[in-house]
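Coordinates from run.cif are shown below (mmCIF, C-alpha atoms).
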data_coords
#
loop_
_atom_site.label_atom_id
_atom_site.label_comp_id
_atom_site.auth_asym_id
_atom_site.auth_seq_id
_atom_site.Cartn_x
_atom_site.Cartn_y
_atom_site.Cartn_z
CA MET A 11 0.00 0.00 0.00
CA ASN A 12 1.31 3.44 -0.94
CA VAL A 13 0.63 6.39 1.35
CA LYS A 14 1.48 9.97 0.45
CA VAL A 15 1.57 12.74 3.04
CA LEU A 16 1.14 16.07 1.27
CA GLY A 17 2.59 19.14 2.93
CA THR A 18 5.34 21.70 2.75
CA GLY A 19 6.74 20.83 6.16
CA CYS A 20 4.31 22.41 8.61
CA THR A 21 3.97 20.99 12.12
CA ASN A 22 0.74 19.17 11.32
CA CYS A 23 2.29 17.56 8.23
CA VAL A 24 5.12 16.16 10.33
CA ARG A 25 2.61 15.02 12.93
CA LEU A 26 0.43 13.27 10.36
CA GLU A 27 3.39 11.43 8.86
CA ALA A 28 4.48 10.18 12.29
CA LEU A 29 0.93 9.07 13.07
CA VAL A 30 0.59 7.15 9.81
CA ARG A 31 3.86 5.33 10.46
CA GLU A 32 2.84 4.53 14.02
CA VAL A 33 -0.60 3.20 13.07
CA ALA A 34 0.89 1.10 10.29
CA GLU A 35 3.56 -0.35 12.54
CA ARG A 36 1.18 -1.18 15.38
CA GLY A 37 -1.23 -2.85 13.00
CA GLY A 38 1.59 -4.75 11.34
CA LEU A 39 0.57 -3.30 7.99
CA ASP A 40 2.75 -3.21 4.93
CA VAL A 41 2.71 0.50 4.15
CA GLU A 42 5.11 2.60 2.15
CA VAL A 43 5.03 6.24 3.31
CA GLU A 44 6.07 8.93 0.91
CA LYS A 45 6.32 12.69 1.46
CA VAL A 46 5.09 15.11 -1.20
CA THR A 47 6.48 18.57 -0.54
CA GLU A 48 6.31 20.43 -3.86
CA ILE A 49 3.30 22.75 -4.20
CA PRO A 50 2.37 21.75 -7.79
CA ASP A 51 2.41 18.06 -6.80
CA ILE A 52 0.34 18.73 -3.68
CA MET A 53 -2.23 20.70 -5.61
CA ALA A 54 -2.52 18.08 -8.32
CA TYR A 55 -4.51 16.12 -5.73
CA GLY A 56 -6.98 18.99 -5.27
CA VAL A 57 -5.54 19.94 -1.88
CA MET A 58 -5.58 23.62 -0.85
CA SER A 59 -5.13 23.08 2.86
CA THR A 60 -2.34 20.92 4.23
CA PRO A 61 -1.68 18.29 5.42
CA GLY A 62 -3.22 16.08 2.78
CA LEU A 63 -3.34 12.29 2.85
CA VAL A 64 -3.42 10.14 -0.27
CA ILE A 65 -3.76 6.37 -0.09
CA ASP A 66 -3.14 4.40 -3.27
CA GLY A 67 -3.74 7.51 -5.36
CA GLU A 68 -6.99 8.41 -3.63
CA LEU A 69 -7.31 11.62 -1.56
CA LYS A 70 -8.58 10.74 1.92
CA SER A 71 -8.25 13.97 3.89
CA ALA A 72 -7.06 17.56 3.58
CA GLY A 73 -6.46 20.24 6.18
CA ARG A 74 -6.86 17.93 9.15
CA ILE A 75 -5.24 15.07 11.02
CA PRO A 76 -7.48 12.03 10.87
CA ALA A 77 -8.05 9.93 13.98
CA ARG A 78 -6.17 6.69 14.55
CA HIS A 79 -9.27 4.59 13.95
CA GLU A 80 -9.90 6.35 10.62
CA LEU A 81 -6.31 5.77 9.55
CA LEU A 82 -6.41 2.15 10.64
CA GLU A 83 -9.60 1.58 8.65
CA TRP A 84 -8.15 3.18 5.50
CA LEU A 85 -4.84 1.41 5.81
CA SER A 86 -6.33 -2.04 6.47
CA ARG A 87 -8.34 -2.18 3.27
CA MET B 757 -20.12 6.06 36.15
CA LEU B 758 -23.80 6.97 36.43
CA HIS B 759 -23.51 8.92 33.25
CA LEU B 760 -22.44 6.02 31.12
CA GLY B 761 -26.14 5.33 30.62
CA ARG B 762 -27.52 2.56 28.47
CA ASN B 763 -24.29 1.86 26.65
CA ALA B 764 -22.53 0.88 29.85
CA SER B 765 -23.99 -2.61 29.89
CA ARG B 766 -22.80 -3.41 26.39
CA VAL B 767 -19.46 -1.66 26.35
CA SER B 768 -16.52 -2.99 28.31
CA PRO B 769 -14.85 -0.39 30.55
CA ARG B 770 -11.81 -0.38 28.35
CA GLU B 771 -13.75 0.43 25.25
CA ALA B 772 -15.80 3.06 27.06
CA SER B 773 -12.68 4.97 27.92
CA ALA B 774 -11.48 4.85 24.33
CA ARG B 775 -11.01 8.00 22.33
CA THR B 776 -14.53 8.26 21.00
CA LEU B 777 -16.96 8.86 23.84
CA SER B 778 -20.39 7.36 23.92
CA LYS B 779 -23.09 9.86 23.04
CA SER B 780 -24.77 10.04 26.46
CA ARG B 781 -21.47 10.37 28.23
CA ALA B 782 -20.32 13.09 25.87
CA LEU B 783 -23.59 14.95 26.43
CA SER B 784 -23.42 14.83 30.23
CA LEU B 785 -19.75 15.82 30.16
CA GLY B 786 -20.66 18.73 27.90
CA ALA B 787 -23.50 19.84 30.19
CA ALA B 788 -21.30 19.62 33.29
CA GLY B 789 -18.61 21.57 31.45
CA LEU B 790 -21.08 24.32 30.55
CA VAL B 791 -22.27 24.69 34.16
CA VAL B 792 -18.71 24.91 35.48
CA TRP B 793 -17.79 27.33 32.68
CA PHE B 794 -20.66 29.75 33.35
CA GLY B 795 -20.22 29.45 37.12
CA LEU B 796 -16.56 30.40 36.89
CA TYR B 797 -17.14 33.11 34.31
CA SER B 798 -19.79 34.90 36.36
CA GLN B 799 -17.57 34.96 39.47
CA LEU B 800 -14.36 36.27 37.91
CA GLY B 801 -14.67 39.85 39.19
CA PRO B 802 -15.42 38.92 42.82
CA ILE B 803 -12.70 36.24 42.88
CA ALA B 804 -10.08 38.65 41.53
CA GLY B 805 -11.23 41.33 43.97
CA TRP B 806 -11.00 38.92 46.89
CA LEU B 807 -7.53 37.74 45.84
CA THR B 808 -6.25 41.28 45.39
CA TYR B 809 -7.70 43.03 48.42
CA SER B 810 -8.24 40.27 50.99
CA LEU B 811 -5.65 37.62 50.25
CA LEU B 812 -2.82 39.87 49.07
CA GLY B 813 -4.02 42.71 51.27
CA LEU B 814 -3.36 45.42 48.70
CA SER B 815 -4.97 48.73 49.50
CA PRO B 816 -7.82 49.72 47.17
CA GLY B 817 -6.97 52.60 44.88
CA SER B 818 -3.22 52.02 44.74
CA HIS B 819 -1.49 51.62 41.38
CA LEU B 820 -0.31 48.11 42.22
CA ALA B 821 -3.74 46.93 43.39
CA SER B 822 -5.35 48.31 40.26
CA SER B 823 -2.86 46.47 38.04
CA VAL B 824 -3.09 43.21 39.98
CA ASP B 825 -6.90 43.27 40.01
CA PHE B 826 -6.93 43.88 36.23
CA PHE B 827 -4.48 41.02 35.65
CA LEU B 828 -6.33 38.53 37.88
CA THR B 829 -9.66 39.30 36.24
CA ASP B 830 -8.45 39.26 32.66
CA VAL B 831 -6.23 36.19 32.55
CA PRO B 832 -8.90 33.64 33.54
CA LYS B 833 -11.56 35.55 31.61
CA ILE B 834 -9.67 35.43 28.34
CA PHE B 835 -8.64 31.81 28.73
CA LEU B 836 -12.20 30.80 29.59
CA LEU B 837 -13.51 32.64 26.55
CA LEU B 838 -10.90 31.15 24.26
CA GLY B 839 -11.35 27.65 25.62
CA GLY B 840 -15.12 27.91 25.27
CA ILE B 841 -15.47 29.44 21.83
CA ILE B 842 -12.55 28.14 19.76
CA PRO B 843 -13.79 24.51 19.74
CA LEU B 844 -17.29 25.62 18.70
CA VAL B 845 -15.97 27.72 15.84
CA HIS B 846 -13.59 24.99 14.78
CA VAL B 847 -16.43 22.51 14.37
CA VAL B 848 -18.46 25.03 12.32
CA ARG B 849 -15.50 25.92 10.14
CA SER B 850 -14.71 22.29 9.41
CA TYR B 851 -17.75 22.48 7.12
CA PHE B 852 -16.15 25.32 5.10
CA PRO B 853 -12.78 24.10 3.85
CA PRO B 854 -11.11 26.37 1.25
CA GLU B 855 -11.68 23.75 -1.46
CA ARG B 856 -15.40 24.25 -0.91
CA VAL B 857 -15.21 28.05 -0.60
CA LYS B 858 -13.54 28.14 -4.00
CA ARG B 859 -16.40 26.23 -5.59
CA VAL B 860 -19.03 28.46 -3.95
CA VAL B 861 -17.36 31.69 -5.05
CA ALA B 862 -16.45 30.63 -8.60
CA GLY B 863 -18.43 32.27 -11.42
CA LYS B 864 -20.28 34.74 -9.17
CA GLY B 865 -19.15 37.97 -10.83
CA GLU B 866 -16.60 40.30 -9.34
CA PHE B 867 -18.52 42.24 -6.70
CA VAL B 868 -20.73 39.42 -5.43
CA GLY B 869 -17.70 37.14 -5.58
CA THR B 870 -15.60 39.52 -3.45
CA VAL B 871 -18.36 39.92 -0.86
CA LEU B 872 -18.85 36.15 -0.68
CA ALA B 873 -15.10 35.53 -0.50
CA ALA B 874 -14.75 38.04 2.35
CA LEU B 875 -17.67 36.46 4.22
CA LEU B 876 -16.29 32.98 3.77
CA GLY B 877 -12.84 34.26 4.70
CA THR B 878 -14.18 34.93 8.18
CA VAL B 879 -15.05 31.29 8.81
CA THR B 880 -12.14 29.76 6.95
CA PRO B 881 -8.98 29.06 8.87
CA PHE B 882 -6.01 31.07 7.75
CA CYS B 883 -2.85 29.29 8.56
CA SER B 884 0.45 30.47 7.22
CA CYS B 885 1.37 27.05 5.83
CA SER B 886 -1.76 26.93 3.71
CA ALA B 887 -1.67 30.53 2.45
CA VAL B 888 0.32 29.66 -0.66
CA PRO B 889 -1.73 26.64 -1.83
CA MET B 890 -4.91 28.57 -1.05
CA PHE B 891 -3.83 31.53 -3.13
CA ILE B 892 -2.78 29.30 -6.02
CA GLY B 893 -6.02 27.31 -5.83
CA PHE B 894 -8.12 30.47 -6.05
CA VAL B 895 -6.17 31.94 -8.94
CA GLU B 896 -5.98 28.61 -10.76
CA SER B 897 -9.73 28.11 -10.68
CA GLY B 898 -10.12 31.42 -12.51
CA LEU B 899 -11.26 33.59 -9.61
CA PRO B 900 -10.46 37.27 -10.25
CA LEU B 901 -7.51 38.62 -8.27
CA GLY B 902 -9.80 40.99 -6.37
CA VAL B 903 -11.93 38.13 -5.07
CA THR B 904 -8.82 36.27 -3.93
CA PHE B 905 -7.58 39.34 -2.06
CA GLY B 906 -10.99 39.91 -0.48
CA PHE B 907 -10.55 36.47 1.03
CA LEU B 908 -6.91 37.04 1.98
CA ILE B 909 -7.76 40.24 3.85
CA ALA B 910 -10.85 38.98 5.68
CA SER B 911 -9.36 35.67 6.75
CA PRO B 912 -6.82 36.91 9.30
CA VAL B 913 -8.72 40.09 10.33
CA VAL B 914 -12.06 38.60 11.22
CA ASN B 915 -11.59 35.48 13.26
CA GLU B 916 -13.13 33.81 16.25
CA VAL B 917 -10.38 34.87 18.63
CA ALA B 918 -10.88 38.55 17.82
CA LEU B 919 -14.65 38.26 17.95
CA VAL B 920 -14.67 36.48 21.29
CA LEU B 921 -12.19 38.75 22.98
CA LEU B 922 -13.88 41.92 21.77
CA ALA B 923 -17.27 40.62 22.87
CA GLY B 924 -15.94 39.57 26.26
CA LEU B 925 -14.08 42.78 26.99
CA PHE B 926 -16.18 45.43 25.23
CA GLY B 927 -19.55 43.82 24.59
CA TRP B 928 -21.20 42.38 21.49
CA LYS B 929 -21.94 45.72 19.87
CA ILE B 930 -18.27 46.57 19.46
CA ALA B 931 -17.44 43.01 18.45
CA LEU B 932 -20.01 43.03 15.66
CA LEU B 933 -18.94 46.48 14.53
CA TYR B 934 -15.39 45.21 14.26
CA VAL B 935 -16.54 42.25 12.20
CA GLY B 936 -18.66 44.48 9.95
CA LEU B 937 -15.85 46.94 9.40
CA GLY B 938 -13.35 44.14 8.81
CA LEU B 939 -15.62 42.86 6.06
CA VAL B 940 -15.95 46.34 4.56
CA VAL B 941 -12.17 46.74 4.53
CA ALA B 942 -11.83 43.31 2.87
CA VAL B 943 -14.43 44.02 0.19
CA VAL B 944 -13.14 47.53 -0.55
CA GLY B 945 -9.55 46.27 -0.63
CA GLY B 946 -10.52 43.36 -2.87
CA VAL B 947 -12.52 45.47 -5.32
CA VAL B 948 -9.79 48.13 -5.57
CA ILE B 949 -7.05 45.56 -6.12
CA GLY B 950 -9.26 43.83 -8.70
CA ARG B 951 -9.74 47.10 -10.63
CA LEU B 952 -6.00 47.70 -10.83
CA HIS B 953 -5.58 44.61 -13.06
CA LEU B 954 -2.32 43.41 -11.64
CA GLU B 955 -2.53 39.86 -12.96
CA SER B 956 0.98 40.25 -14.39
CA GLN B 957 2.24 40.77 -10.83
CA VAL B 958 1.48 37.19 -9.89
CA GLU B 959 4.45 34.83 -10.26
CA GLU B 960 4.20 33.01 -13.61
CA TYR B 961 4.46 29.50 -12.18
CA VAL B 962 1.17 30.03 -10.34
CA TYR B 963 -0.72 30.02 -13.62
CA GLN B 964 0.89 26.75 -14.67
CA ILE B 965 -0.24 24.71 -11.69
CA LYS B 966 -3.22 22.44 -12.22
CA LEU B 967 -5.50 21.80 -9.29
CA GLY B 968 -6.84 18.25 -8.99
CA GLU B 969 -10.51 17.40 -8.62
CA GLN B 970 -10.39 14.97 -5.71
CA VAL B 971 -12.18 15.56 -2.43
CA GLY B 972 -11.40 13.64 0.73
CA VAL B 973 -13.66 11.53 2.92
CA ARG B 974 -16.21 13.58 4.88
CA PRO B 975 -15.35 13.26 8.58
CA ALA B 976 -18.07 12.32 11.08
CA LEU B 977 -19.26 14.86 13.65
CA ALA B 978 -17.53 13.02 16.51
CA GLN B 979 -14.30 13.22 14.55
CA ARG B 980 -14.75 16.97 13.99
CA VAL B 981 -15.30 17.47 17.73
CA THR B 982 -12.18 15.48 18.61
CA GLU B 983 -10.13 17.51 16.13
CA ALA B 984 -11.58 20.73 17.54
CA ALA B 985 -10.34 19.75 21.00
CA THR B 986 -6.83 19.07 19.69
CA TYR B 987 -6.89 22.31 17.71
CA THR B 988 -8.00 24.31 20.75
CA LYS B 989 -5.16 22.89 22.83
CA ASP B 990 -2.72 23.88 20.07
CA ILE B 991 -4.08 27.40 19.80
CA LEU B 992 -4.09 27.92 23.56
CA ARG B 993 -0.51 26.76 23.74
CA ARG B 994 0.43 29.08 20.89
CA VAL B 995 -1.37 32.20 22.07
CA SER B 996 -0.92 31.86 25.82
CA LEU B 997 2.39 33.73 25.88
CA TRP B 998 0.97 36.48 23.68
CA VAL B 999 -2.08 36.79 25.90
CA LEU B 1000 -0.06 36.84 29.11
CA GLY B 1001 2.34 39.40 27.64
CA GLY B 1002 -0.56 41.51 26.42
CA ILE B 1003 -2.29 41.36 29.77
CA VAL B 1004 0.85 42.23 31.74
CA PHE B 1005 1.40 45.21 29.45
CA GLY B 1006 -2.28 46.12 29.64
CA ALA B 1007 -2.26 45.78 33.43
CA ALA B 1008 0.76 48.07 33.66
CA ILE B 1009 -0.97 50.71 31.53
CA HIS B 1010 -4.15 50.22 33.50
CA GLY B 1011 -2.47 50.77 36.85
CA TYR B 1012 0.30 53.23 36.11
CA ALA B 1013 -0.36 55.32 33.01
CA PRO B 1014 -2.14 58.49 34.10
CA THR B 1015 -5.71 58.86 32.89
CA GLY B 1016 -5.81 61.18 29.91
CA PHE B 1017 -2.22 60.34 29.03
CA VAL B 1018 -3.24 58.55 25.86
CA ALA B 1019 -6.09 60.94 25.24
CA HIS B 1020 -3.62 63.79 25.34
CA TYR B 1021 -1.40 62.38 22.60
CA ALA B 1022 -3.71 60.24 20.49
CA GLY B 1023 -7.18 61.45 21.43
CA ARG B 1024 -9.77 63.19 19.32
CA GLY B 1025 -7.76 66.39 19.32
CA ASN B 1026 -5.06 64.82 17.16
CA PRO B 1027 -6.26 64.27 13.57
CA LEU B 1028 -3.10 62.34 12.70
CA ALA B 1029 -3.62 59.77 15.44
CA VAL B 1030 -5.40 57.24 13.21
CA PRO B 1031 -2.76 57.05 10.44
CA LEU B 1032 -0.05 57.13 13.09
CA VAL B 1033 -1.29 54.11 15.05
CA VAL B 1034 -2.02 52.21 11.83
CA ILE B 1035 1.50 52.76 10.52
CA ILE B 1036 2.95 51.70 13.85
CA ALA B 1037 0.79 48.57 13.80
CA ILE B 1038 1.54 47.32 10.28
CA PRO B 1039 4.92 45.65 10.80
CA LEU B 1040 3.89 44.38 14.24
CA TYR B 1041 3.05 40.76 14.36
CA SER B 1042 0.65 39.63 16.97
CA ASN B 1043 -2.61 37.87 16.93
CA ALA B 1044 -5.85 39.24 18.22
CA ALA B 1045 -5.33 37.41 21.50
CA GLY B 1046 -2.24 39.40 22.37
CA THR B 1047 -3.46 42.72 21.06
CA ILE B 1048 -6.82 43.03 22.71
CA PRO B 1049 -5.74 43.29 26.38
CA ILE B 1050 -3.45 46.17 25.41
CA VAL B 1051 -6.24 47.73 23.43
CA GLN B 1052 -8.60 47.45 26.37
CA ALA B 1053 -6.21 49.33 28.61
CA LEU B 1054 -5.66 52.00 25.93
CA ILE B 1055 -9.39 52.59 25.62
CA GLN B 1056 -9.73 53.07 29.35
CA LYS B 1057 -7.00 55.68 29.10
CA GLY B 1058 -8.89 57.64 26.51
CA LEU B 1059 -7.93 56.28 23.09
CA PRO B 1060 -10.99 56.75 20.85
CA MET B 1061 -12.73 53.56 19.71
CA GLY B 1062 -12.14 54.11 15.96
CA THR B 1063 -8.43 54.69 16.47
CA THR B 1064 -8.26 51.61 18.65
CA LEU B 1065 -10.07 49.30 16.23
CA ALA B 1066 -7.94 50.61 13.36
CA PHE B 1067 -4.85 49.76 15.40
CA MET B 1068 -6.08 46.25 16.05
CA MET B 1069 -7.13 45.66 12.48
CA ALA B 1070 -3.80 46.86 11.13
CA ILE B 1071 -1.94 44.46 13.41
CA THR B 1072 -3.94 41.44 12.30
CA ALA B 1073 -4.46 42.34 8.61
CA ILE B 1074 -0.87 42.87 7.59
CA SER B 1075 2.15 41.31 9.15
CA THR B 1076 5.73 40.84 8.06
CA PRO B 1077 5.66 37.01 8.14
CA GLU B 1078 2.49 36.90 6.03
CA MET B 1079 4.06 39.21 3.43
CA ILE B 1080 7.16 37.01 3.28
CA ILE B 1081 4.97 33.98 2.61
CA LEU B 1082 2.90 35.81 -0.03
CA ARG B 1083 6.10 36.89 -1.76
CA ARG B 1084 6.39 33.30 -2.99
CA VAL B 1085 3.32 33.79 -5.19
CA ILE B 1086 3.13 37.53 -5.90
CA LYS B 1087 5.73 40.08 -6.98
CA PRO B 1088 6.92 42.96 -4.75
CA LYS B 1089 4.80 45.51 -6.62
CA LEU B 1090 1.58 43.69 -5.81
CA ILE B 1091 2.65 43.24 -2.20
CA ALA B 1092 3.20 47.00 -2.01
CA VAL B 1093 -0.23 47.64 -3.57
CA PHE B 1094 -1.82 45.18 -1.13
CA ILE B 1095 -0.24 46.90 1.88
CA GLY B 1096 -1.10 50.36 0.52
CA VAL B 1097 -4.74 49.60 -0.25
CA VAL B 1098 -5.42 47.83 3.02
CA THR B 1099 -3.68 50.57 5.01
CA MET B 1100 -5.78 53.26 3.34
CA ALA B 1101 -8.98 51.31 3.90
CA ILE B 1102 -8.20 50.81 7.59
CA ILE B 1103 -7.30 54.47 8.14
CA LEU B 1104 -10.53 55.55 6.46
CA MET B 1105 -12.47 53.10 8.59
CA GLY B 1106 -10.84 54.51 11.73
CA TYR B 1107 -11.90 58.06 10.85
CA VAL B 1108 -15.46 57.04 10.06
CA PHE B 1109 -15.68 55.13 13.32
CA ASN B 1110 -14.36 58.04 15.38
CA ALA B 1111 -16.85 60.34 13.69
CA VAL B 1112 -19.95 58.23 14.31
CA LEU B 1113 -19.22 56.86 17.80
#

Take the structure I supplied and represent it as structure tokens, if you would.
Amino acid sequence: MNVKVLGTGCTNCVRLEALVREVAERGGLDVEVEKVTEIPDIMAYGVMSTPGLVIDGELKSAGRIPARHELLEWLSR
Amino acid sequence: MLHLGRNASRVSPREASARTLSKSRALSLGAAGLVVWFGLYSQLGPIAGWLTYSLLGLSPGSHLASSVDFFLTDVPKIFLLLGGIIPLVHVVRSYFPPERVKRVVAGKGEFVGTVLAALLGTVTPFCSCSAVPMFIGFVESGLPLGVTFGFLIASPVVNEVALVLLAGLFGWKIALLYVGLGLVVAVVGGVVIGRLHLESQVEEYVYQIKLGEQVGVRPALAQRVTEAATYTKDILRRVSLWVLGGIVFGAAIHGYAPTGFVAHYAGRGNPLAVPLVVIIAIPLYSNAAGTIPIVQALIQKGLPMGTTLAFMMAITAISTPEMIILRRVIKPKLIAVFIGVVTMAIILMGYVFNAVL
């Protein structure tokens, strides 16, 4: 599973990335986390407010940090 | 335990204490919170008075007592207000993400578009890390530059922190006037900037970016509430130093600056007071939370309301860090125009306010 964290390096982007890694590790999930930091690449996903979260090419959230249970659900599919 | 209600029988204690609260428990916690909140809020004056005059034994009327009383009333008051209102606003605003604002405003014509953008700017979060993608998204979707600027001006000026603090310290009338005038400044600024046709002053790469069409999953209400709590904690942590600094400064003015001191230099008798305070305020970077306690003390010392609100608006509307961030998408000339137009609008607003109040 490919996960992209979209953000230019703000606190919440860093926090979201750490949370994704933690949830994946705890759930023993095979997840590849990638950071997208260039504005044109971020916006190509329709995101105007960071952090954004893309899972297997699909935008899941923008401008917020999802809860653990949301992340776990998305990552376990 | 009583409050766990019907769910208690089905949910194991471990699950019940999990992050998402059961509905009945959340409701009773909320109700209890409200009672405590209002109880505390209504007793702030007496508690501060008791602490100052009985516990610390300061003599009424002295400079020190006056400052201490002011400080002890204002600190808990402002934190109670912030802690109570920010989560509410955050839940409401989670329904107005910029991606949605853009769709609402698109194709509405310049004037209606600017008014709408300014209105939506008041409920949309403005965070420095999202300013650039927001700007690009607006421009990319074909919104006129004026509409985009209407949004950019309103977003930091009119926000829940300013509204709450003004309402708490000066009453709702002043708070709503501030909001109204902030919107006027945003619309006027947006329309003027739009008329100047400065599209060439936007960095070229902005026009080349393509915005995707995807929208994320809609979060549930419980999720929005949880995020609002986290957000509120963040904001309180971020603004607490500003607020404390502002209140200490305000308390010092309150206790020590002679009455009429401010009135003498920046009162109604001085026609240059409005532009002067606005120009002083522009490079200053503070948020509403830090500014308002100072402003409150200044008003008590005779600074006219219009001058005061202009000062506050200039601090929040234009700041050096915001300009540095915007420089990534617009050229220096447009930044200068932006600062100039907004400054003029705020000064004008200050004069009008002083004249009618």

Could the residues of chain A that have an atom at most 12 Å from chain B be listed as CSV, each with its closest atom pair and the distance in Å to one decimal, counting only C-alpha atoms and ordered by chain and ascending residue number?
residue,atom,partner,partner_atom,distance
A:Leu16,CA,B:Pro889,CA,11.4
A:Gly17,CA,B:Cys885,CA,8.5
A:Thr18,CA,B:Cys885,CA,7.3
A:Gly19,CA,B:Cys885,CA,8.2
A:Cys20,CA,B:Cys885,CA,6.2
A:Thr21,CA,B:Cys885,CA,9.1
A:Asn22,CA,B:Cys885,CA,9.6
A:Cys23,CA,B:Cys885,CA,9.8
A:Thr47,CA,B:Pro889,CA,11.6
A:Glu48,CA,B:Pro889,CA,10.4
A:Ile49,CA,B:Pro889,CA,6.8
A:Pro50,CA,B:Ile965,CA,5.5
A:Asp51,CA,B:Ile965,CA,8.7
A:Ile52,CA,B:Pro889,CA,8.4
A:Met53,CA,B:Leu967,CA,5.0
A:Ala54,CA,B:Gly968,CA,4.4
A:Tyr55,CA,B:Gly968,CA,4.5
A:Gly56,CA,B:Gly968,CA,3.8
A:Val57,CA,B:Glu855,CA,7.2
A:Met58,CA,B:Pro889,CA,5.0
A:Ser59,CA,B:Ser886,CA,5.2
A:Thr60,CA,B:Ser886,CA,6.1
A:Pro61,CA,B:Ser886,CA,8.8
A:Gly62,CA,B:Gly972,CA,8.8
A:Leu63,CA,B:Gly972,CA,8.4
A:Val64,CA,B:Gly972,CA,8.8
A:Ile65,CA,B:Gly972,CA,10.6
A:Gly67,CA,B:Gln970,CA,10.0
A:Glu68,CA,B:Gln970,CA,7.7
A:Leu69,CA,B:Gly972,CA,5.1
A:Lys70,CA,B:Gly972,CA,4.2
A:Ser71,CA,B:Gly972,CA,4.5
A:Ala72,CA,B:Gly972,CA,6.5
A:Gly73,CA,B:Pro853,CA,7.8
A:Arg74,CA,B:Glu983,CA,7.7
A:Ile75,CA,B:Glu983,CA,7.5
A:Pro76,CA,B:Gln979,CA,7.8
A:Ala77,CA,B:Gln979,CA,7.1
A:Arg78,CA,B:Arg775,CA,9.3
A:His79,CA,B:Arg775,CA,9.2
A:Glu80,CA,B:Pro975,CA,9.0
A:Leu81,CA,B:Val973,CA,11.5
A:Trp84,CA,B:Val973,CA,10.3

- Spatial neighbours of Gly38 in chain A, 12 Å, only C-alpha atoms, chain gap at least 4 places, as a PyMOL selection string: chain A and resi 31-34+82+85-86

- With all atoms listed in the file as the atoms that count, which of B:Val868, B:Leu838, B:Val895, B:Leu812 lies nearest to Tyr797 in chain B? B:Leu838

- Spell out the residues picked by the PyMOL selection byres ((chain B and resi 1072-1075) around 8) here, as a ChimeraX atom specification. /B:909-910,912-913,1038-1044,1068-1071,1076-1079,1095,1098

- Task: Give me, please, the distance in Å between CA of Gly869 in chain B and CA of Gly902 in chain B, quoted to one decimal.
- Result: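 Straight-line distance from CA of Gly869 in chain B to CA of Gly902 in chain B works out to 8.8 Å.
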
- Query: What does the distance between CA of Lys929 in chain B and CA of Ala1007 in chain B come to in Å, to one decimal place?
  - Reply: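 Calculated distance between CA of Lys929 in chain B and CA of Ala1007 in chain B is 23.9 Å.
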
- Task: Mind checking which residues fall within 7 Å of Met11 in chain A, counting only C-alpha atoms, ignoring those fewer than 2 positions away in the same chain, and posting them as a VMD selection string?
- Result: chain A and resid 13 40 to 42 66

- For the atom pair CA of Pro1060 in chain B and CA of Leu836 in chain B, what is the interatomic distance in Å to one decimal place?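 Between CA of Pro1060 in chain B and CA of Leu836 in chain B the gap works out to 27.4 Å.
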
- Selection under test: the PyMOL selection byres ((chain B and resi 871) around 9); residues as an MDAnalysis selection string: chainID B and resid 866:870 872:876 903 906:907 939:940 942:943 946

Tell me which residues the PyMOL selection byres ((chain B and resi 952-957) around 6) grabs here, as a PDB file with C-alpha atoms, in the coordinates of the input.
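Saved as expr-v6.pdb:
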ATOM      1  CA  ILE B 949      -7.050  45.560  -6.120  1.00  0.00           C
ATOM      2  CA  GLY B 950      -9.260  43.830  -8.700  1.00  0.00           C
ATOM      3  CA  ARG B 951      -9.740  47.100 -10.630  1.00  0.00           C
ATOM      4  CA  VAL B 958       1.480  37.190  -9.890  1.00  0.00           C
ATOM      5  CA  ILE B1086       3.130  37.530  -5.900  1.00  0.00           C
ATOM      6  CA  LYS B1087       5.730  40.080  -6.980  1.00  0.00           C
ATOM      7  CA  LEU B1090       1.580  43.690  -5.810  1.00  0.00           C
TER       8      LEU B1090
END
